[in-house]
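Only one structure is covered here, and it is reproduced in the block below.
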Amino acid sequence: LTHWVSRSVQRTPANEAGVPSAARVLQERRGDCNEGATLFVGLARSTGLPARTVSGLLYVDGRFYYHAWTEVYLSDWVGIDPTFDQLPADASRIPFAIGGLARQIELVPLIGRLTLEVL
C-alpha cells in the first residue's frame with residue numbers, strides 16, 4: 001500500500017480546503033501529504049489493518065515543515081510515510097497529533113511559536 005499510494009498520488013497542493021476523503025483522493029489521484037495519508041489509512045482499514053493519521057513536523061535540509069503521515073498497528077504502532085514511500089518512516093518526523101483534521105487543528109497555536117534545536 002505504501003508504494004502504491006506513493007506512486008499513484010500526484011503531489012500537488014491540496015485541491016480544496018477541508019477534510020480530504022479517501023474516496024475523493026482515490027478518484028482524483030492528487031493532493032498533498034494529507035491526501036496521501038488519508039488514502040493510505042482508508043485503504044489499510046479496508047483490508048482490516050488498523051491505521052491512523054499522524055501530523056507534526058518533518059525535518060528536511062535543516063528546517064522543520066508541517067507534515068502528515070500514517071501509522072499502522074503491527075503488534076505496535078509503526079510509522080509509514082506514503083508521501084516519501086517510507087516503511088518504516090525514518091526519524092525525521094516529530095508527531096504532535098494523532099487522528100484526523102480535528103486533531104491536526106491542535107497544531108495551529110504552535111505555528112510560528114515553536115523553537116526546536118537539533119542536537
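Ordering of the C-alpha cells sets the chain letters (A, B, ...); residue numbers start at 1 within each chain; ligands are numbered from 1 in the order shown.
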
Item to check | Residues flagged strand (DSSP E) by DSSP in stretch 40-76 of chain A, as a ChimeraX atom specification | outcome: /A:51-60,63-73

Item to check | Among the residues A:Leu1, A:Cys33, A:Leu87, A:Val78, the one that comes closest to A:Gly56 [using only C-alpha atoms] | outcome: A:Cys33

Would you write out, as JSON lines, a table of all residues in stretch 53-84 of chain A that have an atom no more than 9 Å from an atom of stretch 37-48 of chain A, listing for each the closest atom pair and the distance in Å to one decimal, considering only C-alpha atoms and ordering rows by chain and rising residue number?
```
{"residue": "A:Thr53", "atom": "CA", "partner": "A:Ala37", "partner_atom": "CA", "distance": 6.3}
{"residue": "A:Val54", "atom": "CA", "partner": "A:Ala37", "partner_atom": "CA", "distance": 8.3}
{"residue": "A:Ala68", "atom": "CA", "partner": "A:Ala37", "partner_atom": "CA", "distance": 6.5}
{"residue": "A:Trp69", "atom": "CA", "partner": "A:Ala37", "partner_atom": "CA", "distance": 5.3}
{"residue": "A:Thr70", "atom": "CA", "partner": "A:Ala37", "partner_atom": "CA", "distance": 5.8}
{"residue": "A:Glu71", "atom": "CA", "partner": "A:Val41", "partner_atom": "CA", "distance": 8.3}
{"residue": "A:Val72", "atom": "CA", "partner": "A:Ala44", "partner_atom": "CA", "distance": 8.0}
{"residue": "A:Asp81", "atom": "CA", "partner": "A:Ala37", "partner_atom": "CA", "distance": 7.5}
{"residue": "A:Pro82", "atom": "CA", "partner": "A:Ala37", "partner_atom": "CA", "distance": 6.5}
{"residue": "A:Thr83", "atom": "CA", "partner": "A:Ala37", "partner_atom": "CA", "distance": 7.5}
```

Can you write out the residues you just picked, keeping all heavy atoms, as a short mmCIF file (atom, residue, chain, number, x, y, z; two decimals), in the first residue's frame?
```cif
data_model
loop_
_atom_site.label_atom_id
_atom_site.label_comp_id
_atom_site.auth_asym_id
_atom_site.auth_seq_id
_atom_site.Cartn_x
_atom_site.Cartn_y
_atom_site.Cartn_z
N THR A 53 -3.90 8.49 11.05
CA THR A 53 -3.14 9.61 10.53
C THR A 53 -2.36 10.26 11.67
O THR A 53 -2.86 10.37 12.79
CB THR A 53 -4.08 10.66 9.91
OG1 THR A 53 -4.86 10.03 8.90
CG2 THR A 53 -3.31 11.81 9.30
N VAL A 54 -1.16 10.70 11.37
CA VAL A 54 -0.31 11.40 12.33
C VAL A 54 0.11 12.72 11.67
O VAL A 54 0.40 12.74 10.48
CB VAL A 54 0.94 10.58 12.69
CG1 VAL A 54 1.81 11.31 13.70
CG2 VAL A 54 0.56 9.20 13.21
N ALA A 68 2.05 15.37 7.30
CA ALA A 68 1.13 14.32 7.76
C ALA A 68 1.61 12.99 7.20
O ALA A 68 2.04 12.91 6.05
CB ALA A 68 -0.29 14.61 7.30
N TRP A 69 1.56 11.96 8.01
CA TRP A 69 1.94 10.61 7.61
C TRP A 69 1.00 9.65 8.31
O TRP A 69 -0.04 10.06 8.79
CB TRP A 69 3.43 10.35 7.90
CG TRP A 69 3.84 10.42 9.33
CD1 TRP A 69 4.00 9.38 10.20
CD2 TRP A 69 4.18 11.60 10.07
NE1 TRP A 69 4.40 9.84 11.45
CE2 TRP A 69 4.53 11.20 11.38
CE3 TRP A 69 4.22 12.95 9.76
CZ2 TRP A 69 4.90 12.10 12.37
CZ3 TRP A 69 4.60 13.85 10.76
CH2 TRP A 69 4.93 13.42 12.03
N THR A 70 1.32 8.39 8.35
CA THR A 70 0.40 7.41 8.93
C THR A 70 1.13 6.47 9.89
O THR A 70 2.37 6.43 9.92
CB THR A 70 -0.25 6.55 7.83
OG1 THR A 70 0.76 5.80 7.17
CG2 THR A 70 -0.98 7.41 6.82
N GLU A 71 0.34 5.74 10.63
CA GLU A 71 0.84 4.63 11.43
C GLU A 71 -0.09 3.45 11.24
O GLU A 71 -1.31 3.64 11.07
CB GLU A 71 0.89 4.99 12.92
CG GLU A 71 1.92 6.02 13.27
CD GLU A 71 1.96 6.33 14.76
OE1 GLU A 71 0.95 6.12 15.47
OE2 GLU A 71 3.01 6.82 15.21
N VAL A 72 0.47 2.26 11.24
CA VAL A 72 -0.33 1.04 11.22
C VAL A 72 0.06 0.21 12.44
O VAL A 72 1.18 0.31 12.95
CB VAL A 72 -0.13 0.20 9.93
CG1 VAL A 72 -0.63 0.96 8.71
CG2 VAL A 72 1.31 -0.20 9.74
N ASP A 81 5.22 6.49 5.84
CA ASP A 81 5.02 7.75 5.14
C ASP A 81 4.80 7.50 3.66
O ASP A 81 5.75 7.33 2.90
CB ASP A 81 6.22 8.67 5.34
CG ASP A 81 5.92 10.09 4.92
OD1 ASP A 81 5.07 10.29 4.04
OD2 ASP A 81 6.56 11.00 5.46
N PRO A 82 3.53 7.47 3.23
CA PRO A 82 3.26 7.23 1.82
C PRO A 82 3.72 8.37 0.91
O PRO A 82 3.97 8.16 -0.26
CB PRO A 82 1.74 7.04 1.75
CG PRO A 82 1.21 7.61 3.01
CD PRO A 82 2.30 7.56 4.02
N THR A 83 3.86 9.58 1.45
CA THR A 83 4.35 10.70 0.63
C THR A 83 5.77 10.43 0.15
O THR A 83 6.12 10.68 -1.00
CB THR A 83 4.30 12.02 1.41
OG1 THR A 83 2.95 12.27 1.80
CG2 THR A 83 4.81 13.19 0.58
#
```

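With only C-alpha atoms as the atoms that count, the minimum distance from A:Glu35 to the choices A:Ala51, A:Asp85, A:Phe96, A:Val5 is reached by A:Val5.
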
If DSSP is run on the backbone, what residues of chain A are helix (DSSP H, G or I)? A reply as a compact mmCIF listing (two decimals) with C-alpha atoms, in the first residue's frame would be ideal.
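Once everything was written out, this is states-v8.txt:
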```
# COMPACT_ATOMS: atom_id res chain seq x y z
CA THR A 2 2.81 2.41 0.86
CA HIS A 3 4.46 2.00 -2.54
CA TRP A 4 1.18 2.14 -4.45
CA VAL A 5 -0.04 5.34 -2.77
CA SER A 6 3.37 6.96 -3.21
CA ARG A 7 3.39 6.17 -6.94
CA SER A 8 -0.30 6.81 -7.58
CA ALA A 22 -10.15 8.66 0.74
CA ALA A 23 -12.79 8.19 -1.98
CA ARG A 24 -12.09 11.63 -3.48
CA VAL A 25 -8.31 11.13 -3.34
CA LEU A 26 -8.66 7.71 -4.96
CA GLN A 27 -10.71 9.26 -7.75
CA GLU A 28 -8.56 12.38 -8.32
CA CYS A 33 0.63 14.81 2.36
CA ASN A 34 -2.84 14.97 3.95
CA GLU A 35 -4.46 13.42 0.88
CA GLY A 36 -1.81 10.68 0.65
CA ALA A 37 -2.16 9.86 4.33
CA THR A 38 -5.95 9.83 4.14
CA LEU A 39 -5.95 7.49 1.15
CA PHE A 40 -3.42 5.16 2.79
CA VAL A 41 -5.46 4.98 6.02
CA GLY A 42 -8.67 4.29 4.09
CA LEU A 43 -7.07 1.53 2.02
CA ALA A 44 -5.34 -0.03 5.04
CA ARG A 45 -8.54 -0.05 7.09
CA SER A 46 -10.46 -1.57 4.17
CA LEU A 101 -8.25 17.04 10.85
CA ALA A 102 -9.85 17.85 14.21
CA ARG A 103 -6.66 16.71 15.93
CA GLN A 104 -4.42 18.45 13.37
CA ILE A 105 -6.02 21.79 14.26
CA GLU A 106 -4.25 21.45 17.62
CA LEU A 107 -1.05 22.33 15.77
CA VAL A 108 -2.26 25.82 14.77
CA PRO A 109 -1.28 27.53 18.07
CA LEU A 110 2.26 26.13 17.69
```

Checklist entry - Got a sec: who's within 12 Å of A:Glu117, counting only C-alpha atoms, leaving out chain neighbours fewer than 4 positions off, as a list in words? => result Tyr59, Gly62, Arg63 and Phe64 of chain A

Item to check | One-decimal distance in Å that lies between atom CA of A:Ala89 and atom CA of A:Asp61 | outcome: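 Taking atom CA of A:Asp61 as the start and atom CA of A:Ala89 as the end point, the length is 16.8 Å.
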
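The space separating atom CA of A:Gln10 from atom CA of A:Gly31 comes to 6.4 Å.
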